[in-house]
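Here the structure comes first, spelled out in structure tokens, and everything after it is commentary.
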Amino acid sequence: MMSVFSSDGHYEYTPPQSVAVYAGFWARVWAALIDHFFLFVAESVLAGICAPKLAIDWQATPSGTEATNIVNVAWTSGYQHSSLLYPHIQGNLPTWAETLMAVLIPAYFILFQSSRMRATPGKRVLGLEVTTLSGEQISILRAAVRFVIKAGISIPFLCIGVLIIPFTRRKQALHDLVAGTLVIKRDKIAHFSQY
């Protein structure tokens with residue numbers, strides 16, 4: 001709390017201003033690793049539930065293919081139309097399960113970051129949250145833009161969009177700059193007066 005004299009000689013109360021501490025590069029890397037572990041577990045459970053149906057088909061391999069050793073023996077024995085039967089394992093993951101797994105990852109990031117939690121579970125574990133530039137909860141649209149830029153540009157192009165974090169004033173990645181977001185340390189918000 002800070003009071004200052006006004007121009008007419010009276011005290012005026014100046015409310016404190018919140019100042020966020022921005023999350024650094026390594027804190028964000030650890031949060032991402034935790035999130036990827038959670039996603040790996042979820043995908044593994046889903047894959048276990050929707051285990052592919054395995055079928056063994058016996059397919060004939062005509063002579064002259066990669067199985068030449070046995071076929072050559074057959075040719076030298078006088079069988080002109082020889083073929084080799086070998087087992088072929090077929091596994092088919094249902095299309096709906098593939099679609100569900102493809103939707104799971106974007107939904108995880110977009111819904112958690114735009115929720116009241118303001119963070120994915122990985123960020124939450126490390127005390128981080130994603131906010132707007134003014135410290136407010138981000139919208140689903142902003143979270144979606146952030147995810148698309150991150151998945152489409154920041155990471156695929158040699159992770160340049162992520163590697164710039166230490167060099168930006170507010171420790172923003174490319175997807176933060178485009179979406180207008182910050183990643184801050186939730187428990188490290190200090191209060192300072194304007195003066």
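Residue numbering restarts at 1 in every chain; chains get A, B, ... in the order shown in the structure tokens, and ligands count up from 1 in that same order.
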
Counting only C-alpha atoms, which residues of region 95-130 of chain A fall within 8 Å of region 27-33 of chain A, and what is the closest atom pair for each with its distance in Å at one decimal, ordered by chain and rising number, as CSV?
```
residue,atom,partner,partner_atom,distance
A:Gly122,CA,A:Ala31,CA,4.5
A:Lys123,CA,A:Ala31,CA,4.9
A:Val125,CA,A:Ala31,CA,7.6
A:Leu126,CA,A:Ala31,CA,6.6
```

Could you take the residues named above and write them with N, CA and C atoms, as a PDB file, in the first residue's frame?
```
ATOM      1  N   GLY A 122       0.298 -30.593 -16.968  1.00  0.00           N
ATOM      2  CA  GLY A 122       1.753 -30.461 -16.857  1.00  0.00           C
ATOM      3  C   GLY A 122       2.164 -29.084 -16.370  1.00  0.00           C
ATOM      4  N   LYS A 123       1.541 -28.056 -16.924  1.00  0.00           N
ATOM      5  CA  LYS A 123       1.829 -26.688 -16.462  1.00  0.00           C
ATOM      6  C   LYS A 123       1.354 -26.499 -15.025  1.00  0.00           C
ATOM      7  N   VAL A 125       1.158 -28.695 -12.621  1.00  0.00           N
ATOM      8  CA  VAL A 125       2.091 -29.353 -11.698  1.00  0.00           C
ATOM      9  C   VAL A 125       3.258 -28.426 -11.366  1.00  0.00           C
ATOM     10  N   LEU A 126       3.720 -27.664 -12.348  1.00  0.00           N
ATOM     11  CA  LEU A 126       4.859 -26.767 -12.145  1.00  0.00           C
ATOM     12  C   LEU A 126       4.447 -25.346 -11.758  1.00  0.00           C
TER      13      LEU A 126
END
```

- Message: Set the distance at 12 Å and use only C-alpha atoms: which residues neighbour Lys150 (chain A) once local chain neighbours fewer than 5 positions away are removed? I'd like the list as a ChimeraX atom specification.
- Response: /A:106,109-110,143-145,155-163,172-179

Keeping only N, CA and C atoms, write the selected residues to a file as a PDB file, in the first residue's frame.
```pdb
ATOM      1  N   PRO A 106      -5.189 -32.065 -29.577  1.00  0.00           N
ATOM      2  CA  PRO A 106      -5.575 -30.647 -29.612  1.00  0.00           C
ATOM      3  C   PRO A 106      -6.580 -30.289 -28.516  1.00  0.00           C
ATOM      4  N   PHE A 109      -4.918 -29.636 -25.014  1.00  0.00           N
ATOM      5  CA  PHE A 109      -4.280 -28.331 -24.833  1.00  0.00           C
ATOM      6  C   PHE A 109      -5.287 -27.185 -24.856  1.00  0.00           C
ATOM      7  N   ILE A 110      -6.192 -27.218 -25.831  1.00  0.00           N
ATOM      8  CA  ILE A 110      -7.131 -26.104 -25.996  1.00  0.00           C
ATOM      9  C   ILE A 110      -8.100 -25.997 -24.817  1.00  0.00           C
ATOM     10  N   ALA A 143      -6.959 -20.037 -27.469  1.00  0.00           N
ATOM     11  CA  ALA A 143      -6.237 -21.285 -27.181  1.00  0.00           C
ATOM     12  C   ALA A 143      -6.057 -22.108 -28.444  1.00  0.00           C
ATOM     13  N   ALA A 144      -7.087 -22.099 -29.311  1.00  0.00           N
ATOM     14  CA  ALA A 144      -6.998 -22.844 -30.571  1.00  0.00           C
ATOM     15  C   ALA A 144      -5.946 -22.234 -31.496  1.00  0.00           C
ATOM     16  N   VAL A 145      -5.930 -20.898 -31.602  1.00  0.00           N
ATOM     17  CA  VAL A 145      -4.920 -20.220 -32.425  1.00  0.00           C
ATOM     18  C   VAL A 145      -3.529 -20.533 -31.888  1.00  0.00           C
ATOM     19  N   ILE A 155       7.016 -25.617 -33.528  1.00  0.00           N
ATOM     20  CA  ILE A 155       7.775 -26.854 -33.300  1.00  0.00           C
ATOM     21  C   ILE A 155       8.321 -27.460 -34.597  1.00  0.00           C
ATOM     22  N   PRO A 156       7.531 -27.558 -35.670  1.00  0.00           N
ATOM     23  CA  PRO A 156       8.052 -28.225 -36.876  1.00  0.00           C
ATOM     24  C   PRO A 156       9.293 -27.573 -37.501  1.00  0.00           C
ATOM     25  N   PHE A 157       9.416 -26.276 -37.423  1.00  0.00           N
ATOM     26  CA  PHE A 157      10.548 -25.601 -38.047  1.00  0.00           C
ATOM     27  C   PHE A 157      11.712 -25.480 -37.065  1.00  0.00           C
ATOM     28  N   LEU A 158      12.331 -26.636 -36.781  1.00  0.00           N
ATOM     29  CA  LEU A 158      13.507 -26.728 -35.909  1.00  0.00           C
ATOM     30  C   LEU A 158      13.265 -26.133 -34.524  1.00  0.00           C
ATOM     31  N   CYS A 159      12.039 -26.114 -34.096  1.00  0.00           N
ATOM     32  CA  CYS A 159      11.650 -25.581 -32.772  1.00  0.00           C
ATOM     33  C   CYS A 159      12.056 -24.120 -32.578  1.00  0.00           C
ATOM     34  N   ILE A 160      12.259 -23.397 -33.667  1.00  0.00           N
ATOM     35  CA  ILE A 160      12.672 -21.991 -33.569  1.00  0.00           C
ATOM     36  C   ILE A 160      11.657 -21.179 -32.782  1.00  0.00           C
ATOM     37  N   GLY A 161      10.369 -21.467 -32.991  1.00  0.00           N
ATOM     38  CA  GLY A 161       9.322 -20.734 -32.296  1.00  0.00           C
ATOM     39  C   GLY A 161       9.353 -20.923 -30.792  1.00  0.00           C
ATOM     40  N   VAL A 162       9.964 -22.004 -30.336  1.00  0.00           N
ATOM     41  CA  VAL A 162      10.099 -22.266 -28.903  1.00  0.00           C
ATOM     42  C   VAL A 162      11.451 -21.770 -28.394  1.00  0.00           C
ATOM     43  N   LEU A 163      12.472 -21.897 -29.211  1.00  0.00           N
ATOM     44  CA  LEU A 163      13.824 -21.508 -28.802  1.00  0.00           C
ATOM     45  C   LEU A 163      13.984 -19.997 -28.620  1.00  0.00           C
ATOM     46  N   GLN A 172       8.104 -15.066 -24.276  1.00  0.00           N
ATOM     47  CA  GLN A 172       7.039 -15.615 -25.100  1.00  0.00           C
ATOM     48  C   GLN A 172       7.611 -16.443 -26.246  1.00  0.00           C
ATOM     49  N   ALA A 173       6.948 -17.542 -26.542  1.00  0.00           N
ATOM     50  CA  ALA A 173       7.250 -18.318 -27.736  1.00  0.00           C
ATOM     51  C   ALA A 173       6.515 -17.674 -28.909  1.00  0.00           C
ATOM     52  N   LEU A 174       6.801 -18.141 -30.115  1.00  0.00           N
ATOM     53  CA  LEU A 174       6.143 -17.588 -31.300  1.00  0.00           C
ATOM     54  C   LEU A 174       4.626 -17.699 -31.180  1.00  0.00           C
ATOM     55  N   HIS A 175       4.140 -18.850 -30.717  1.00  0.00           N
ATOM     56  CA  HIS A 175       2.691 -19.031 -30.599  1.00  0.00           C
ATOM     57  C   HIS A 175       2.089 -18.106 -29.545  1.00  0.00           C
ATOM     58  N   ASP A 176       2.870 -17.716 -28.540  1.00  0.00           N
ATOM     59  CA  ASP A 176       2.388 -16.729 -27.566  1.00  0.00           C
ATOM     60  C   ASP A 176       2.303 -15.343 -28.198  1.00  0.00           C
ATOM     61  N   LEU A 177       3.312 -14.999 -28.994  1.00  0.00           N
ATOM     62  CA  LEU A 177       3.323 -13.691 -29.655  1.00  0.00           C
ATOM     63  C   LEU A 177       2.144 -13.538 -30.604  1.00  0.00           C
ATOM     64  N   VAL A 178       1.866 -14.600 -31.372  1.00  0.00           N
ATOM     65  CA  VAL A 178       0.769 -14.545 -32.346  1.00  0.00           C
ATOM     66  C   VAL A 178      -0.590 -14.519 -31.643  1.00  0.00           C
ATOM     67  N   ALA A 179      -0.751 -15.374 -30.614  1.00  0.00           N
ATOM     68  CA  ALA A 179      -2.045 -15.478 -29.932  1.00  0.00           C
ATOM     69  C   ALA A 179      -2.249 -14.408 -28.866  1.00  0.00           C
TER      70      ALA A 179
END
```

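Closest approach to Arg116 (chain A) among A:Ser139, A:Ile164, A:Leu39, A:Leu46 is made by A:Ser139 (distances from only C-alpha atoms).
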
- Query: CA of Leu141 (chain A) and CA of Ala102 (chain A) are how many Å apart?
  - Reply: 18.9 Å

- Message: Residues within 9 Å of region 127-133 of chain A, please, as a PyMOL selection string. Count only C-alpha atoms; anything in the same chain fewer than 5 positions from it doesn't count.
- Response: chain A and resi 22-23+27-28+31+113-114+117-120+122+138-139+142+179-188
